[in-house]
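Asks: Contents are mmCIF, C-alpha atoms and all ligand atoms; file name protein.cif:
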```
data_upload
#
loop_
_atom_site.label_atom_id
_atom_site.label_comp_id
_atom_site.auth_asym_id
_atom_site.auth_seq_id
_atom_site.Cartn_x
_atom_site.Cartn_y
_atom_site.Cartn_z
CA MET A 1 40.07 -8.98 78.20
CA ASN A 2 43.71 -8.72 78.94
CA LEU A 3 44.45 -10.27 82.33
CA ASP A 4 47.68 -11.69 83.70
CA LEU A 5 47.62 -15.09 81.98
CA GLY A 6 50.79 -16.17 83.80
CA GLU A 7 49.06 -15.60 87.14
CA ILE A 8 45.88 -17.33 85.96
CA ASN A 9 47.86 -20.33 84.70
CA LYS A 10 49.73 -20.59 87.99
CA CYS A 11 46.47 -21.87 89.47
CA ALA A 12 46.78 -25.66 89.70
CA ARG A 13 42.98 -25.99 90.23
CA CYS A 14 43.73 -27.88 93.45
CA GLY A 15 40.70 -26.43 95.21
CA ALA A 16 42.44 -25.66 98.50
CA CYS A 17 40.76 -22.26 98.34
CA ARG A 18 37.27 -23.83 98.13
CA SER A 19 37.34 -24.69 101.80
CA VAL A 20 38.20 -21.17 102.94
CA CYS A 21 36.30 -18.79 100.65
CA PRO A 22 33.59 -17.20 102.84
CA VAL A 23 31.37 -16.53 99.83
CA PHE A 24 31.47 -20.17 98.76
CA GLU A 25 30.45 -21.17 102.29
CA GLU A 26 27.22 -19.25 101.80
CA MET A 27 26.53 -19.83 98.11
CA GLY A 28 27.84 -23.35 97.54
CA TRP A 29 28.42 -22.86 93.81
CA GLU A 30 31.83 -23.32 92.20
CA SER A 31 31.47 -19.96 90.45
CA PHE A 32 31.32 -18.32 93.90
CA ASN A 33 34.68 -19.60 95.07
CA THR A 34 38.22 -18.61 94.21
CA ARG A 35 38.95 -21.42 91.77
CA GLY A 36 35.67 -20.88 89.93
CA ARG A 37 36.39 -17.16 89.61
CA ILE A 38 39.81 -17.94 88.15
CA LEU A 39 38.25 -20.30 85.58
CA LEU A 40 35.72 -17.63 84.63
CA MET A 41 38.51 -15.09 84.16
CA LYS A 42 40.25 -17.57 81.88
CA GLY A 43 36.99 -17.84 79.94
CA LEU A 44 36.78 -14.05 79.63
CA MET A 45 40.30 -14.03 78.22
CA ASP A 46 39.22 -16.65 75.69
CA GLY A 47 36.42 -14.38 74.50
CA GLN A 48 33.47 -15.40 76.69
CA ARG A 49 30.88 -12.63 77.08
CA PRO A 50 30.61 -11.18 80.59
CA ASP A 51 26.99 -11.91 81.49
CA SER A 52 25.30 -11.07 84.81
CA ASP A 53 26.28 -14.44 86.37
CA ILE A 54 29.95 -13.73 85.67
CA LEU A 55 29.58 -10.21 87.07
CA ASP A 56 28.01 -11.62 90.24
CA SER A 57 30.80 -14.15 90.58
CA LEU A 58 33.55 -11.55 90.25
CA ASN A 59 31.80 -8.87 92.30
CA THR A 60 31.00 -11.06 95.31
CA CYS A 61 34.67 -11.50 96.25
CA THR A 62 35.24 -9.55 99.47
CA THR A 63 39.01 -9.40 98.74
CA CYS A 64 39.50 -11.02 102.16
CA GLY A 65 42.74 -12.66 101.00
CA ILE A 66 42.33 -15.90 102.95
CA CYS A 67 42.67 -17.80 99.66
CA THR A 68 45.95 -16.02 98.83
CA ASP A 69 47.33 -16.92 102.21
CA GLY A 70 46.72 -20.65 101.75
CA CYS A 71 47.30 -21.04 97.99
CA PRO A 72 50.11 -23.59 97.42
CA ALA A 73 50.77 -22.15 93.94
CA GLY A 74 51.26 -18.59 95.20
CA VAL A 75 48.33 -17.11 93.25
CA ASN A 76 46.91 -13.77 94.44
CA PRO A 77 43.23 -14.17 93.49
CA PRO A 78 41.83 -10.89 94.89
CA GLN A 79 44.42 -8.96 92.90
CA LEU A 80 43.39 -10.82 89.73
CA ILE A 81 39.72 -10.24 90.51
CA GLU A 82 40.26 -6.51 91.07
CA SER A 83 42.04 -6.22 87.74
CA ALA A 84 39.20 -8.11 85.99
CA ARG A 85 36.68 -5.72 87.58
CA LYS A 86 38.76 -2.78 86.40
CA GLN A 87 38.86 -3.99 82.82
CA LEU A 88 35.17 -4.74 82.76
CA VAL A 89 34.37 -1.29 84.14
CA SER A 90 36.62 0.29 81.50
CA LEU A 91 34.48 -1.53 78.90
CA GLY A 92 31.33 -0.16 80.56
CA VAL A 93 30.38 -3.57 82.00
CA MET A 94 29.31 -3.25 85.64
CA THR A 95 26.42 -3.87 88.00
CA GLY A 96 23.93 -1.14 88.92
CA GLU A 97 25.36 -1.10 92.46
CA GLN A 98 28.89 -0.50 91.17
CA GLU A 99 27.59 2.34 89.07
CA GLY A 100 25.65 3.84 92.01
CA LEU A 101 28.62 3.63 94.39
CA SER A 102 30.96 5.33 91.93
CA ARG A 103 28.34 8.00 91.14
CA ASN A 104 28.04 8.80 94.86
CA ILE A 105 31.78 9.16 95.29
CA PHE A 106 32.36 11.19 92.15
CA ALA A 107 29.51 13.54 93.06
CA SER A 108 30.37 14.12 96.72
CA GLY A 109 33.85 12.81 97.56
CA ASN A 110 32.36 10.26 99.97
CA THR A 111 30.97 6.73 99.71
CA PHE A 112 27.48 7.75 100.77
CA GLY A 113 26.91 10.60 98.35
CA ASP A 114 26.29 12.68 101.47
CA PRO A 115 26.36 16.43 100.80
CA ALA A 116 26.85 17.25 104.53
CA ASP A 117 30.04 18.70 105.94
CA ARG A 118 32.65 15.94 106.28
CA ARG A 119 33.81 17.51 109.53
CA ALA A 120 30.41 17.74 111.21
CA TRP A 121 31.79 15.43 113.94
CA LEU A 122 34.36 18.05 114.97
CA VAL A 123 32.46 19.68 117.81
CA ASP A 124 35.27 19.88 120.39
CA ARG A 125 37.49 22.90 120.41
CA ILE A 126 40.57 20.93 119.38
CA PRO A 127 42.95 23.06 117.34
CA VAL A 128 43.25 21.98 113.71
CA LEU A 129 46.81 22.94 112.88
CA GLU A 130 47.80 24.17 109.44
CA LYS A 131 51.16 22.41 109.65
CA ALA A 132 51.88 19.17 111.52
CA ASP A 133 53.99 16.03 111.42
CA TYR A 134 50.95 13.80 111.85
CA VAL A 135 47.63 13.77 110.02
CA TYR A 136 44.58 11.84 111.17
CA PHE A 137 42.93 10.52 108.00
CA VAL A 138 39.32 10.01 109.09
CA GLY A 139 37.77 8.10 106.15
CA CYS A 140 34.17 8.18 104.91
CA MET A 141 32.67 5.73 107.41
CA ASN A 142 33.87 7.49 110.54
CA SER A 143 33.25 10.96 109.05
CA TYR A 144 29.59 10.20 108.32
CA ARG A 145 28.52 7.11 110.28
CA TYR A 146 30.70 6.87 113.40
CA GLN A 147 31.25 10.47 114.27
CA GLU A 148 31.85 9.83 117.97
CA THR A 149 34.66 7.45 117.05
CA ALA A 150 36.12 10.10 114.73
CA ALA A 151 35.98 12.68 117.55
CA ASN A 152 37.48 10.24 120.09
CA THR A 153 40.29 9.36 117.67
CA PHE A 154 41.14 12.96 116.89
CA ARG A 155 41.01 13.95 120.58
CA LEU A 156 43.49 11.17 121.29
CA LEU A 157 45.81 11.81 118.34
CA SER A 158 45.80 15.58 118.82
CA ARG A 159 47.64 14.96 122.13
CA PHE A 160 50.53 13.95 119.88
CA GLY A 161 50.19 16.97 117.59
CA ALA A 162 48.08 15.42 114.83
CA THR A 163 45.95 17.57 112.57
CA LEU A 164 43.35 16.96 109.83
CA LEU A 165 43.53 17.50 106.09
CA PRO A 166 41.85 20.79 105.17
CA SER A 167 39.43 19.09 102.78
CA GLU A 168 39.79 15.31 103.08
CA GLN A 169 38.32 13.27 100.24
CA CYS A 170 37.42 9.56 100.06
CA CYS A 171 40.75 7.66 100.08
CA GLY A 172 39.64 5.89 96.89
CA SER A 173 39.38 2.38 98.36
CA PRO A 174 35.76 1.66 97.35
CA LEU A 175 36.54 2.83 93.80
CA LEU A 176 39.73 0.81 93.48
CA ARG A 177 38.18 -2.34 94.96
CA THR A 178 35.26 -2.21 92.55
CA GLY A 179 37.19 -1.42 89.38
CA PHE A 180 37.20 2.38 89.08
CA ASP A 181 39.93 4.95 88.80
CA ALA A 182 40.49 6.90 92.01
CA GLY A 183 43.29 9.17 90.83
CA ARG A 184 41.33 12.37 91.28
CA PHE A 185 40.72 11.74 94.99
CA MET A 186 44.15 10.30 95.68
CA ASN A 187 45.86 13.31 94.08
CA ALA A 188 43.69 15.72 96.07
CA ASN A 189 44.63 13.99 99.34
CA VAL A 190 48.34 13.77 98.47
CA GLU A 191 48.44 17.44 97.56
CA GLN A 192 46.96 18.34 100.97
CA ILE A 193 49.32 16.01 102.86
CA LYS A 194 52.22 17.86 101.22
CA ARG A 195 50.74 21.22 102.09
CA VAL A 196 50.37 20.22 105.75
CA GLY A 197 53.96 18.94 105.69
CA ALA A 198 53.11 15.67 107.49
CA HIS A 199 55.50 12.76 107.51
CA THR A 200 52.95 10.30 108.95
CA ILE A 201 49.30 9.62 108.14
CA ILE A 202 47.29 7.75 110.76
CA THR A 203 43.98 6.12 109.99
CA GLY A 204 41.43 4.11 111.92
CA CYS A 205 39.91 2.37 108.90
CA ALA A 206 41.40 -0.86 107.50
CA GLY A 207 40.30 -0.02 103.95
CA CYS A 208 41.84 3.47 104.08
CA TYR A 209 44.99 1.98 105.61
CA THR A 210 45.64 -0.58 102.90
CA THR A 211 44.85 1.98 100.18
CA LEU A 212 47.03 4.75 101.62
CA ARG A 213 49.81 2.28 102.14
CA LYS A 214 49.69 0.35 98.89
CA SER A 215 48.15 2.65 96.29
CA TYR A 216 49.47 6.09 97.28
CA PRO A 217 53.01 7.31 96.60
CA ALA A 218 55.42 6.19 99.31
CA ASP A 219 56.29 9.79 100.28
CA PHE A 220 54.95 9.47 103.82
CA ARG A 221 54.58 6.84 106.52
CA VAL A 222 51.15 5.30 106.91
CA MET A 223 50.12 3.97 110.31
CA SER A 224 46.95 2.39 111.56
CA VAL A 225 45.50 3.69 114.82
CA PRO A 226 46.33 0.43 116.67
CA GLU A 227 49.97 0.65 115.54
CA PHE A 228 50.16 4.24 116.75
CA LEU A 229 48.48 3.46 120.07
CA ALA A 230 50.67 0.42 120.71
CA GLU A 231 53.76 2.52 120.04
CA HIS A 232 52.60 5.18 122.52
CA ILE A 233 50.94 2.95 125.09
CA SER A 234 53.35 3.89 127.87
CA GLU A 235 52.43 7.57 127.41
CA LEU A 236 48.71 6.92 127.94
CA GLU A 237 47.37 6.64 131.46
CA LEU A 238 44.91 3.83 131.00
CA LYS A 239 42.74 2.63 133.86
CA PRO A 240 41.82 -1.06 133.75
CA LEU A 241 38.24 -1.86 132.77
CA ASP A 242 36.35 -4.82 134.18
CA LEU A 243 35.54 -6.24 130.77
CA THR A 244 36.30 -9.32 128.70
CA VAL A 245 36.41 -8.61 125.00
CA THR A 246 37.28 -10.48 121.87
CA TYR A 247 39.13 -9.09 118.85
CA HIS A 248 38.08 -9.34 115.20
CA ASP A 249 41.02 -9.04 112.76
CA PRO A 250 39.91 -6.90 109.79
CA CYS A 251 41.19 -8.61 106.61
CA HIS A 252 42.90 -5.46 105.34
CA LEU A 253 44.78 -4.93 108.60
CA GLY A 254 45.55 -8.55 109.38
CA ARG A 255 46.15 -10.80 106.37
CA HIS A 256 46.86 -7.93 103.98
CA ASN A 257 49.25 -6.02 106.26
CA GLN A 258 50.17 -8.38 109.13
CA ILE A 259 48.92 -6.05 111.85
CA TYR A 260 47.95 -8.68 114.38
CA GLU A 261 49.68 -7.96 117.65
CA GLN A 262 49.38 -4.16 118.07
CA PRO A 263 45.59 -4.07 118.67
CA ARG A 264 45.95 -6.99 121.09
CA THR A 265 48.70 -5.13 122.98
CA VAL A 266 46.38 -2.16 123.43
CA ILE A 267 43.40 -4.28 124.49
CA GLU A 268 45.45 -6.25 127.00
CA ALA A 269 46.64 -3.01 128.59
CA ILE A 270 42.99 -2.26 129.41
CA CYS A 271 41.01 -5.47 129.91
CA SER A 272 40.92 -9.23 129.30
CA LEU A 273 41.08 -10.58 125.79
CA LYS A 274 39.53 -13.87 124.77
CA GLU A 275 40.34 -14.87 121.20
CA MET A 276 37.75 -15.64 118.55
CA LYS A 277 37.63 -19.24 117.30
CA ALA A 278 39.35 -18.23 114.04
CA ASN A 279 41.86 -15.45 114.55
CA ARG A 280 44.90 -13.69 113.09
CA ARG A 281 45.71 -15.12 109.65
CA ASN A 282 42.78 -17.56 109.89
CA ALA A 283 40.22 -14.91 110.86
CA ARG A 284 37.00 -15.06 108.91
CA CYS A 285 35.98 -12.04 106.87
CA CYS A 286 33.13 -9.88 108.25
CA GLY A 287 31.65 -10.06 104.74
CA GLY A 288 31.63 -6.32 104.12
CA GLY A 289 34.70 -5.64 101.99
CA GLY A 290 35.36 -5.51 98.25
CA GLY A 291 32.10 -3.69 97.58
CA VAL A 292 30.09 -6.75 98.72
CA ARG A 293 28.18 -4.93 101.48
CA ALA A 294 27.16 -2.27 98.96
CA GLY A 295 26.29 -4.70 96.17
CA TYR A 296 25.10 -7.89 97.87
CA ARG A 297 23.78 -6.90 101.31
CA ASP A 298 22.05 -10.18 102.11
CA LEU A 299 25.11 -12.28 101.28
CA SER A 300 27.29 -9.84 103.20
CA LEU A 301 25.16 -10.17 106.35
CA ARG A 302 25.12 -13.96 106.09
CA MET A 303 28.94 -13.90 106.16
CA ALA A 304 28.85 -11.54 109.15
CA LYS A 305 26.47 -13.89 111.01
CA ARG A 306 28.88 -16.76 110.43
CA ARG A 307 31.71 -14.62 111.79
CA LEU A 308 29.65 -13.94 114.92
CA ALA A 309 29.58 -17.68 115.60
CA ASP A 310 33.34 -17.39 116.29
CA VAL A 311 32.77 -15.07 119.27
CA PRO A 312 33.85 -16.93 122.44
CA GLU A 313 31.62 -17.50 125.46
CA GLY A 314 31.91 -14.74 128.04
CA ALA A 315 33.01 -11.94 125.70
CA ASP A 316 31.19 -8.69 126.56
CA CYS A 317 31.78 -7.30 123.09
CA ILE A 318 33.86 -7.52 119.92
CA VAL A 319 36.61 -4.94 119.53
CA THR A 320 37.92 -4.20 116.07
CA CYS A 321 39.74 -1.52 114.08
CA CYS A 322 37.58 -1.02 111.00
CA PRO A 323 34.26 0.84 110.81
CA LEU A 324 33.05 -1.34 107.94
CA CYS A 325 33.55 -4.49 110.05
CA ILE A 326 31.74 -2.78 112.94
CA ARG A 327 28.82 -1.87 110.71
CA ASN A 328 28.47 -5.30 109.18
CA LEU A 329 28.91 -7.27 112.42
CA ASN A 330 26.43 -5.05 114.25
CA ASP A 331 23.89 -5.20 111.44
CA ALA A 332 24.12 -8.99 111.70
CA GLY A 333 23.25 -8.83 115.42
CA GLY A 334 26.72 -8.53 116.98
CA ARG A 335 28.05 -6.06 119.53
CA ALA A 336 31.17 -4.58 117.99
CA ILE A 337 33.01 -1.42 119.02
CA ASP A 338 36.08 0.42 117.81
CA LEU A 339 39.37 0.01 119.67
CA VAL A 340 39.53 3.79 120.10
CA ASP A 341 36.19 3.85 121.88
CA LEU A 342 37.49 1.22 124.30
CA VAL A 343 40.66 3.26 124.88
CA THR A 344 38.58 6.41 125.41
CA ARG A 345 36.62 4.67 128.17
CA ALA A 346 39.90 3.68 129.82
CA LEU A 347 41.18 7.26 129.57
CA GLU A 348 38.10 9.11 130.65
CA PRO A 349 39.23 10.42 134.05
CA SER A 350 42.21 12.22 132.53
CA LEU A 351 40.39 13.64 129.52
S1 LIG A 401 44.38 -22.78 96.09
FE1 LIG A 401 45.51 -21.60 94.51
S2 LIG A 401 46.16 -23.17 93.02
FE2 LIG A 401 44.58 -24.13 94.27
S3 LIG A 401 42.65 -23.76 93.09
FE3 LIG A 401 42.85 -22.08 94.59
S4 LIG A 401 43.87 -20.43 93.48
FE4 LIG A 401 44.19 -22.33 92.29
S1 LIG A 402 39.62 -13.11 98.50
FE1 LIG A 402 38.21 -14.11 99.96
S2 LIG A 402 36.16 -13.84 99.03
FE2 LIG A 402 37.69 -13.43 97.41
S3 LIG A 402 37.95 -15.40 96.34
FE3 LIG A 402 39.54 -15.28 97.94
S4 LIG A 402 38.61 -16.33 99.73
FE4 LIG A 402 36.93 -15.83 98.30
#
```
So that I can check it, write out the structure of this file as structure tokens.
Replies:
Amino acid sequence: MNLDLGEINKCARCGACRSVCPVFEEMGWESFNTRGRILLMKGLMDGQRPDSDILDSLNTCTTCGICTDGCPAGVNPPQLIESARKQLVSLGVMTGEQEGLSRNIFASGNTFGDPADRRAWLVDRIPVLEKADYVYFVGCMNSYRYQETAANTFRLLSRFGATLLPSEQCCGSPLLRTGFDAGRFMNANVEQIKRVGAHTIITGCAGCYTTLRKSYPADFRVMSVPEFLAEHISELELKPLDLTVTYHDPCHLGRHNQIYEQPRTVIEAICSLKEMKANRRNARCCGGGGGVRAGYRDLSLRMAKRRLADVPEGADCIVTCCPLCIRNLNDAGGRAIDLVDLVTRALEPSL
């Protein structure tokens, strides 16, 4: 194994990350927290064989980034963990779930291995322009699991001239997070963005957002839906709703990209916002990211349940900006909705 030894050695083993790692909170074993994972990676570099316990340790990191944020030595553990996963996969060492997820994506271009039309949600007669400045990048979750949210988002963004990619593919996030190469899908999307001539890509998924922004060439601007809506809030005629909601910060929008205020601006233009107990940079992970929902469903739902305990009294629902968070929080018994669906309710009379 050839990992970044300098980064590994930066870790002072102080254990500050032990108290924040959401996986450690559930599992209680050192090998399931940040520091333990770093020690195991050091072992792999020293020639230790990657057995199933080591694979479970490395593959249960949700890449939430709360450890990075609080690390006094400036270590970036999820980045190290992703590079360890990548090297192990290149050696053919992976879990069955990793293999299944990658097989689905390589066979179908989407996370679910679903052969159905990716645009089945597009039932409205909204024109899909061949050329446009803005592209709505839908993502696998909204294309296949939250089709009403996809339709609501496109209806909203098409007011500003947004179009769709002719044949959108998975952005590559699930592959990159779990150690696989996503070049084929990324190149296919980039080629289509060029053909459309867009200067801005807008997405409503936190995983797509961080991937488009950090792993794609910087030839176009990448915006999240809440950023776009906050920027155009004065152009939307929103009627107030008699609701009190709370907001869950998706890790890949919040800690990874510092998008904290824009979704709150949009919510507060519509209804009352009551913050979750842990919010913004301290927000707990929903438990779904980093391939953990796909590979360790029970653990993932336990983390989601713990996140639900942060919901304040009197909140009618949780609003968030990531379909994976919505899925995981709802599967754990929560009531989470997408920001766009809230905005759509506030817009309804003028639609
Ligand atoms: S907080 Fe940083 S330095 Fe301390 S044990 Fe964790 S990764 Fe290492
Ligand atoms: S990124 Fe999150 S889940 Fe992964 S080691 Fe750090 S705190 Fe734990």
Asks: Hey, which of A:Lys194, A:Arg255, A:Lys277, A:His232 ends up closest to ligand LIG 402 (chain A)? Count all atoms listed in the file.
Replies: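 That would be A:Arg255, the residue with the smallest distance to ligand LIG 402 (chain A).
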Asks: Hey, what's within 7 Å of Asn328 of chain A if we count only C-alpha atoms and toss same-chain stuff fewer than 2 positions away? As a PDB file with C-alpha atoms, keeping the file's coordinate frame, please?
Replies:
```
ATOM      1  CA  CYS A 286      33.130  -9.880 108.250  1.00  0.00           C
ATOM      2  CA  GLY A 288      31.630  -6.320 104.120  1.00  0.00           C
ATOM      3  CA  LEU A 301      25.160 -10.170 106.350  1.00  0.00           C
ATOM      4  CA  ALA A 304      28.850 -11.540 109.150  1.00  0.00           C
ATOM      5  CA  LEU A 324      33.050  -1.340 107.940  1.00  0.00           C
ATOM      6  CA  CYS A 325      33.550  -4.490 110.050  1.00  0.00           C
ATOM      7  CA  ILE A 326      31.740  -2.780 112.940  1.00  0.00           C
ATOM      8  CA  ASN A 330      26.430  -5.050 114.250  1.00  0.00           C
ATOM      9  CA  ASP A 331      23.890  -5.200 111.440  1.00  0.00           C
ATOM     10  CA  ALA A 332      24.120  -8.990 111.700  1.00  0.00           C
TER      11      ALA A 332
END
```
Asks: Kindly provide, as JSON, numbers by chain, all nucleotide and amino acid residues lying within 10 Å of ligand LIG 402 (chain A), counting only C-alpha atoms and all ligand atoms.
Replies: {"A": [17, 18, 19, 20, 21, 22, 23, 24, 25, 31, 32, 33, 34, 35, 36, 37, 38, 57, 58, 59, 60, 61, 62, 63, 64, 65, 66, 67, 68, 69, 70, 71, 76, 77, 78, 79, 80, 81, 82, 251, 284, 285, 287, 289, 290, 292]}
Asks: Find the spatial neighbours of Gln87 of chain A, counting all atoms listed in the file, within a cut-off of 12 Å - ignore same-chain residues fewer than 6 positions away - and output them as number ranges by chain.
Replies: A: 1-4, 41, 44-45, 50, 55, 58, 80-81, 93-94, 176, 178-181
Asks: If you count all atoms listed in the file, which residues fall within 7 Å of Phe137 of chain A, apart from same-chain ones fewer than 3 positions away, as a list of chain:residue names?
Replies: A:Leu164, A:Ile201, A:Ile202, A:Thr203
Asks: For segment 144-150 of chain A, please output as a PyMOL selection string all residues within 7 Å (counting only C-alpha atoms; exclusion window: fewer than 5 positions along the same chain).
Replies: chain A and resi 118+121+138+340-341
Asks: Return the single residue from A:Asn9, A:Asn257, A:Ser108, A:Gln48 that is closest to ligand LIG 401 (chain A), with distances computed using all atoms listed in the file.
Replies: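 Ranking A:Asn9, A:Asn257, A:Ser108, A:Gln48 by distance to ligand LIG 401 (chain A), first place goes to A:Asn9.
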Asks: Write out as number ranges by chain the residues lying within 7 Å of segment 99-102 of chain A, counting all atoms listed in the file and excluding same-chain residues fewer than 4 positions away.
Replies: A: 94-95, 106, 111, 175
